[in-house]
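Structure, as structure tokens:
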Amino acid sequence: MSGRVNTWSPVGRFFRHFSLRAAVVAAALVSGTLAAPAQTAPAQPAPAFNPARANAGTLGVISGGADGTYIRIAADLANVLDGEDLRVLPMIGRGSLQNLRDIMFLRGVDIGIVQMDAREQLKAENLQNDAVRRLRFITRLYNEEVHIIADREITDIRQLDGKKVNIDKVGSGTNLTSRLIFDKLGIKPEMTTFDQASSYAKLKSGEIQAAVYVAGRPVRAIAEFQTDGRFHLLSIPFEGEIAESYFPARFANADYPQLVDKDKPVETLAVGSLLAVFNWPENSDRYNRVKRFVDAFFSRFDEFLQPGRHPKWKEVNLAADVPGWERVRPAQAWLDRAATASKPSPQGQSFESFLKGRGIDVSAEQREVLFREFLAWQSDRQRSARRVTRQD
């Protein structure tokens, strides 16, 4: 499937449009609004604030640091979906691994943005308990690229062996992925765990020789990093065990003009991300909050592709599976309904077969006109058949 689940066929759009117009006209005739102007209704007082309703529709989304992609994705969720019945509260988090722990155990955290490889670390920590087994996902999001900023004197990632390399704070997705990648490549740097903002200052001072950050490009903090020509992004080879867990990716000069030379793209790796959630009992309060979010998010996904939203939304495939993860029930149910609704009706299938069999190629507008005429013709034939049956 594509990134957007199309539940509205041209035929379906026509009938919904036609039915809506008919309903509006009928209502107007009954109320007399077509014959006389409506009376001005008296102003109504604003409804009283309902705390119970507000809390029932409030949902916390744990994301990442203030300079990363996660928090911008969470902010987009709030900007698009906030309304009377749903309010999304973006939260700054400590990274993928901690986000999973927060989803399982922290009150107020309903959904988290995490890397696809983060749950493997929970298994390595022997957290094979019921909470881990009840982790689910709503949808796969986008790929996050591995950024390694280093001094230009370092031209090969293997030169980082024995050098100080910052891999972000313990519990972050960057920390986890960095350790896995260096281990798979047989490289043993001296790892530091400063936060991202501190790592850039320490790069400039020479206290560390490289800094790793796993996030969806373009990362604002990296794009705005003032290098003075001293630093660049290092390539990461896509080889051996690396190919089993990660995807090949590339940085271009347009992504980071100060860190990538023109006409010399930098080959790197990427790891998938997803919206993770806890599998609460069906019809519980927290289950219903997640369901409300899923229905709004999936139904309005096209709005995330509009200008002003993060460009990574264009990589999202709502229906994509995630190896090793099970989709939460409300999300799977929505996708199943969408797949059923997108199937053409028997009349539509007959009509398409008719056009295809005769090699008729027309525009979408002409197709709808012909389809209406086809339905009218089919209806006349059915009425004629019924009259003949009654006469017999």
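Numbering starts fresh at 1 for the residues of each chain in the structure tokens, the chains themselves are lettered A, B, ... in the order given, and ligands are numbered from 1 as they appear.
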
For Ala270 of chain A, please output as a PyMOL selection string all residues within 12 Å (counting only C-alpha atoms; exclusion window: fewer than 3 positions along the same chain). chain A and resi 115-117+142-147+174+177-178+181+213-217+236-238+242-251+267+273

Pull C-alpha atoms from the residues just selected and write them as a PDB file, in the first residue's frame.
ATOM      1  CA  GLN A 115      13.383   3.334  17.002  1.00  0.00           C
ATOM      2  CA  MET A 116      12.548  -0.125  15.698  1.00  0.00           C
ATOM      3  CA  ASP A 117      15.667  -1.652  17.283  1.00  0.00           C
ATOM      4  CA  TYR A 142      10.088   7.107   8.843  1.00  0.00           C
ATOM      5  CA  ASN A 143      13.748   6.164   8.698  1.00  0.00           C
ATOM      6  CA  GLU A 144      16.219   7.970  10.962  1.00  0.00           C
ATOM      7  CA  GLU A 145      19.689   8.566   9.625  1.00  0.00           C
ATOM      8  CA  VAL A 146      22.907   8.029  11.587  1.00  0.00           C
ATOM      9  CA  HIS A 147      24.892  11.288  11.715  1.00  0.00           C
ATOM     10  CA  THR A 174      21.427   7.141  19.597  1.00  0.00           C
ATOM     11  CA  THR A 177      22.352   2.265  17.902  1.00  0.00           C
ATOM     12  CA  SER A 178      25.880   3.665  18.200  1.00  0.00           C
ATOM     13  CA  ILE A 181      27.017  -0.220  14.892  1.00  0.00           C
ATOM     14  CA  TYR A 213      23.211  11.503  16.512  1.00  0.00           C
ATOM     15  CA  VAL A 214      20.461   9.241  15.154  1.00  0.00           C
ATOM     16  CA  ALA A 215      17.566  11.370  13.907  1.00  0.00           C
ATOM     17  CA  GLY A 216      15.535  12.047  10.793  1.00  0.00           C
ATOM     18  CA  ARG A 217      17.218  14.459   8.445  1.00  0.00           C
ATOM     19  CA  ILE A 236      29.331   4.482   7.333  1.00  0.00           C
ATOM     20  CA  PRO A 237      29.791   1.316   5.260  1.00  0.00           C
ATOM     21  CA  PHE A 238      26.739  -0.824   4.518  1.00  0.00           C
ATOM     22  CA  ILE A 242      25.073  -4.015   9.360  1.00  0.00           C
ATOM     23  CA  ALA A 243      22.900  -4.980   6.394  1.00  0.00           C
ATOM     24  CA  GLU A 244      20.821  -7.309   8.610  1.00  0.00           C
ATOM     25  CA  SER A 245      19.555  -4.544  10.918  1.00  0.00           C
ATOM     26  CA  TYR A 246      19.789  -1.219   9.083  1.00  0.00           C
ATOM     27  CA  PHE A 247      19.074   0.451   5.761  1.00  0.00           C
ATOM     28  CA  PRO A 248      21.417   2.326   3.411  1.00  0.00           C
ATOM     29  CA  ALA A 249      20.926   6.096   3.370  1.00  0.00           C
ATOM     30  CA  ARG A 250      22.652   9.193   2.059  1.00  0.00           C
ATOM     31  CA  PHE A 251      23.271  12.827   2.999  1.00  0.00           C
ATOM     32  CA  GLU A 267      26.747   7.293   2.496  1.00  0.00           C
ATOM     33  CA  SER A 273      11.003   4.483  13.754  1.00  0.00           C
TER      34      SER A 273
END

Using only C-alpha atoms, determine which residues lie at most 9 Å from segment 287-300 of chain A, disregarding the query and same-chain residues fewer than 4 positions distant; provide the list as a PyMOL selection string. chain A and resi 4-5+56-59+77+80-81+85-88+110-111+138+277-283+304+318+329-331+334-335

Would you mind writing down, as a VMD selection string, each residue of segment 137-380 of chain A that DSSP on the backbone assigns to strand (DSSP E)? chain A and resid 137 to 151 164 to 166 190 to 192 210 to 215 231 to 233 247 to 251 266 to 278

Using DSSP on the backbone coordinates, identify all residues within segment 242-378 of chain A classified as helix (DSSP H, G or I); present the result as a ChimeraX atom specification. /A:242-245,285-299,301-305,311-315,329-341,346-357,364-378

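Ranking A:Lys202, A:Arg101, A:Arg72, A:Arg179 by their shortest atom-to-atom distance to His310 of chain A, with only C-alpha atoms included, puts A:Arg72 first.
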
Val109 of chain A environment, 10 Å, only C-alpha atoms, sequence neighbours closer than 2 positions dropped, as a ChimeraX atom specification: /A:59-62,89-91,99-107,111-112,277-278,286

Point-to-point distance in Å for atom CA of Val165 of chain A and atom CA of Ala210 of chain A: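 Going from atom CA of Ala210 of chain A over to atom CA of Val165 of chain A covers 4.7 Å.
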
A:Ile157, A:Asp67, A:Phe301, A:Ala197 ranked by distance to Thr268 of chain A, top pick (using only C-alpha atoms):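 Looking only at the distances to Thr268 of chain A, the closest residue turns out to be A:Ile157.
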